[in-house]
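I have placed the structure first, in the form of structure tokens, so that the comments after it can refer back to it.
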Amino acid sequence: MKTLTKMLLVANLLTSTSVFAQSETYQSAMKKGLELLSIAKTSESFVGTANHFERIAMAESQNWMPLYYSAYANLVAGLVSEDPNQKDQYFDKALSQIERATVMSPDNSEIYTVKGYAQFMKMSVDPQSRFALIGDSNASLGKAKQLDPQNPRPYFVQGQNTFYTPEAFGGGKSAAKKLLEEAVKKYDTYKAIADLAPSWGNERAKMLLAQCQ
């Protein structure tokens with residue numbers, strides 16, 4: 001009996017050590033990805049960052065966060081690209097990944113924020129034929145606000161979208177100002193739930209708000 005007890009204790013210790021090691025590896029890989037994201041400037045560097053997070057996602061198949069960051073990096077790759085065809089590819093990849101992340105975490109404000117962001121940018125590639133995507137984007141951002149009213153990012157994204165929408169369609173600086181003011185206010189008080197939680201958008205929101213004054 002004593003031998004069996006010792007064997008069980010060793011097995012539990014090995015399992016705990018393995019889980020701890022995996023957790024340490026995951027944390028390290030994610031932090032490296034966030035560093036890459038912070039210094040990326042070109043489409044190529046954002047795609048490289050997206051691929052880094054996607055590799056983590058393959059190993060962490062039940063964790064939404066690596067896939068979320070991969071989608072976000074692909075989204076920004078599309079934003080900085082000057083090739084419309086490439087933009088479409090990056091936005092499509094981001095939307096595909098964000099749908100997969102939604103399966104892992106169905107009621108997640110951050111996921112719906114990136115979804116709304118990518119939908120709007122997908123529309124911007126060809127506004128005349130994709131105008132309906134504005135409604136889809138607003139619905140996603142509305143869902144993000146509902147899921148976490150204190151999250152500043154859906155307010156920022158909707159404010160930014162409104163900023164770049166022509167006044168004739170309900171956009172412009174005046175319409176964007178209130179949303180951006182709300183975003184900046186929420187950024188000042190928002191507390192991230194974890195070290196790796198999303199934190200982007202604050203400086204951009206302040207910059208756009210300054211242009212609305």
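Scheme for the structure tokens: letters A, B, ... for chains in order shown; per-chain residue numbers from 1; ligand numbers from 1 in order shown.
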
message: Need to verify the contact set: Arg100 (chain A), 9 Å, only C-alpha atoms, exclusion of same-chain residues closer than 6 positions in sequence. Can you return it as a list in words?
response: Trp64, Leu67 and Tyr68 of chain A

Those same residues - C-alpha atoms - I'd like them written as a PDB file, in the first residue's frame.
ATOM      1  CA  TRP A  64      -9.044  31.618 -27.434  1.00  0.00           C
ATOM      2  CA  LEU A  67      -6.089  32.787 -32.039  1.00  0.00           C
ATOM      3  CA  TYR A  68      -7.493  36.189 -31.092  1.00  0.00           C
TER       4      TYR A  68
END

Near-region 187-191 of chain A list (7 Å; only C-alpha atoms; drop same-chain fewer than 2 positions) as a list of chain:residue names: A:Gln150, A:Asn151, A:Pro152, A:Ala183, A:Val184, A:Lys185, A:Ile193, A:Asn202

- prompt: Per DSSP on the backbone, what are the alpha helix (DSSP H) residues of region 34-79 of chain A, as a count of residues only?
  reply: 39

- request: Calculate how many Å separate CA of Tyr90 (chain A) from CA of Asn74 (chain A), rounding to one decimal.
  value: 5.3 Å

query: Smallest atom-to-atom distance to Pro84 (chain A): which of A:Val125, A:Ile39, A:Ala101, A:Ala194, using only C-alpha atoms?
result: A:Val125

If you count only C-alpha atoms, which residues fall within 9 Å of Gly159 (chain A), apart from same-chain ones fewer than 6 positions away, as an mmCIF file with all heavy atoms, in the first residue's frame?
data_model
loop_
_atom_site.group_PDB
_atom_site.id
_atom_site.type_symbol
_atom_site.label_atom_id
_atom_site.label_comp_id
_atom_site.auth_asym_id
_atom_site.auth_seq_id
_atom_site.Cartn_x
_atom_site.Cartn_y
_atom_site.Cartn_z
ATOM 1 N N LYS A 173 -16.399 63.688 -37.966
ATOM 2 C CA LYS A 173 -15.752 63.985 -36.681
ATOM 3 C C LYS A 173 -16.759 64.281 -35.578
ATOM 4 O O LYS A 173 -16.583 63.841 -34.436
ATOM 5 C CB LYS A 173 -14.793 65.156 -36.849
ATOM 6 C CG LYS A 173 -13.597 64.860 -37.754
ATOM 7 C CD LYS A 173 -12.682 66.070 -37.866
ATOM 8 C CE LYS A 173 -11.493 65.773 -38.765
ATOM 9 N NZ LYS A 173 -10.593 66.954 -38.876
ATOM 10 N N ALA A 175 -19.836 63.244 -35.191
ATOM 11 C CA ALA A 175 -20.508 62.021 -34.738
ATOM 12 C C ALA A 175 -19.551 61.102 -33.989
ATOM 13 O O ALA A 175 -19.959 60.370 -33.077
ATOM 14 C CB ALA A 175 -21.109 61.287 -35.943
ATOM 15 N N ALA A 176 -18.286 61.125 -34.383
ATOM 16 C CA ALA A 176 -17.297 60.241 -33.759
ATOM 17 C C ALA A 176 -16.870 60.732 -32.379
ATOM 18 O O ALA A 176 -16.457 59.930 -31.529
ATOM 19 C CB ALA A 176 -16.065 60.111 -34.650
ATOM 20 N N LYS A 177 -16.981 62.032 -32.143
ATOM 21 C CA LYS A 177 -16.427 62.634 -30.933
ATOM 22 C C LYS A 177 -16.968 61.996 -29.657
ATOM 23 O O LYS A 177 -16.206 61.646 -28.748
ATOM 24 C CB LYS A 177 -16.707 64.134 -30.921
ATOM 25 C CG LYS A 177 -16.089 64.857 -29.729
ATOM 26 C CD LYS A 177 -16.358 66.360 -29.794
ATOM 27 C CE LYS A 177 -15.771 67.063 -28.574
ATOM 28 N NZ LYS A 177 -16.030 68.530 -28.607
ATOM 29 N N LYS A 178 -18.276 61.824 -29.580
ATOM 30 C CA LYS A 178 -18.877 61.289 -28.361
ATOM 31 C C LYS A 178 -18.397 59.861 -28.083
ATOM 32 O O LYS A 178 -18.108 59.497 -26.937
ATOM 33 C CB LYS A 178 -20.393 61.321 -28.464
ATOM 34 C CG LYS A 178 -21.111 60.914 -27.183
ATOM 35 C CD LYS A 178 -22.617 61.101 -27.292
ATOM 36 C CE LYS A 178 -22.971 62.564 -27.385
ATOM 37 N NZ LYS A 178 -24.447 62.784 -27.324
ATOM 38 N N LEU A 179 -18.307 59.053 -29.135
ATOM 39 C CA LEU A 179 -17.837 57.673 -28.981
ATOM 40 C C LEU A 179 -16.384 57.634 -28.523
ATOM 41 O O LEU A 179 -16.006 56.839 -27.656
ATOM 42 C CB LEU A 179 -17.993 56.914 -30.297
ATOM 43 C CG LEU A 179 -19.420 56.543 -30.698
ATOM 44 C CD1 LEU A 179 -19.484 56.190 -32.175
ATOM 45 C CD2 LEU A 179 -19.924 55.377 -29.851
ATOM 46 N N LEU A 180 -15.560 58.489 -29.108
ATOM 47 C CA LEU A 180 -14.143 58.518 -28.749
ATOM 48 C C LEU A 180 -13.936 59.064 -27.342
ATOM 49 O O LEU A 180 -13.054 58.597 -26.610
ATOM 50 C CB LEU A 180 -13.363 59.345 -29.777
ATOM 51 C CG LEU A 180 -13.275 58.712 -31.173
ATOM 52 C CD1 LEU A 180 -12.745 59.718 -32.187
ATOM 53 C CD2 LEU A 180 -12.392 57.467 -31.152
ATOM 54 N N GLU A 181 -14.751 60.046 -26.947
ATOM 55 C CA GLU A 181 -14.686 60.541 -25.575
ATOM 56 C C GLU A 181 -15.017 59.430 -24.581
ATOM 57 O O GLU A 181 -14.358 59.291 -23.543
ATOM 58 C CB GLU A 181 -15.656 61.708 -25.397
ATOM 59 C CG GLU A 181 -15.183 63.005 -26.014
ATOM 60 C CD GLU A 181 -16.216 64.123 -25.898
ATOM 61 O OE1 GLU A 181 -17.420 63.811 -25.732
ATOM 62 O OE2 GLU A 181 -15.810 65.290 -25.995
ATOM 63 N N ALA A 183 -14.679 56.231 -25.137
ATOM 64 C CA ALA A 183 -13.581 55.252 -25.185
ATOM 65 C C ALA A 183 -12.420 55.702 -24.302
ATOM 66 O O ALA A 183 -11.907 54.923 -23.488
ATOM 67 C CB ALA A 183 -13.107 55.073 -26.623
ATOM 68 N N ALA A 205 -7.113 56.192 -29.896
ATOM 69 C CA ALA A 205 -8.364 56.857 -29.522
ATOM 70 C C ALA A 205 -8.105 58.313 -29.143
ATOM 71 O O ALA A 205 -8.845 59.222 -29.547
ATOM 72 C CB ALA A 205 -9.029 56.120 -28.366
ATOM 73 N N LEU A 208 -7.294 60.417 -32.362
ATOM 74 C CA LEU A 208 -8.474 60.729 -33.155
ATOM 75 C C LEU A 208 -9.375 61.746 -32.453
ATOM 76 O O LEU A 208 -9.928 62.658 -33.087
ATOM 77 C CB LEU A 208 -9.260 59.460 -33.464
ATOM 78 C CG LEU A 208 -8.623 58.470 -34.424
ATOM 79 C CD1 LEU A 208 -9.474 57.210 -34.549
ATOM 80 C CD2 LEU A 208 -8.411 59.092 -35.810
ATOM 81 N N LEU A 209 -9.477 61.600 -31.129
ATOM 82 C CA LEU A 209 -10.299 62.543 -30.376
ATOM 83 C C LEU A 209 -9.745 63.963 -30.488
ATOM 84 O O LEU A 209 -10.508 64.929 -30.621
ATOM 85 C CB LEU A 209 -10.384 62.116 -28.909
ATOM 86 C CG LEU A 209 -11.199 63.029 -27.994
ATOM 87 C CD1 LEU A 209 -12.642 63.138 -28.479
ATOM 88 C CD2 LEU A 209 -11.173 62.493 -26.549
#

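Here CA of Gly78 (chain A) and CA of Ser43 (chain A) stand 6.9 Å from one another.
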
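Closest approach to Phe156 (chain A) among A:Ser174, A:Gln119, A:Thr49, A:Thr113 is made by A:Thr113 (distances from only C-alpha atoms).
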
task: Grab the CA of Asn51 (chain A) to CA of Arg153 (chain A) distance for me, in Å with one decimal place.
output: 23.5 Å
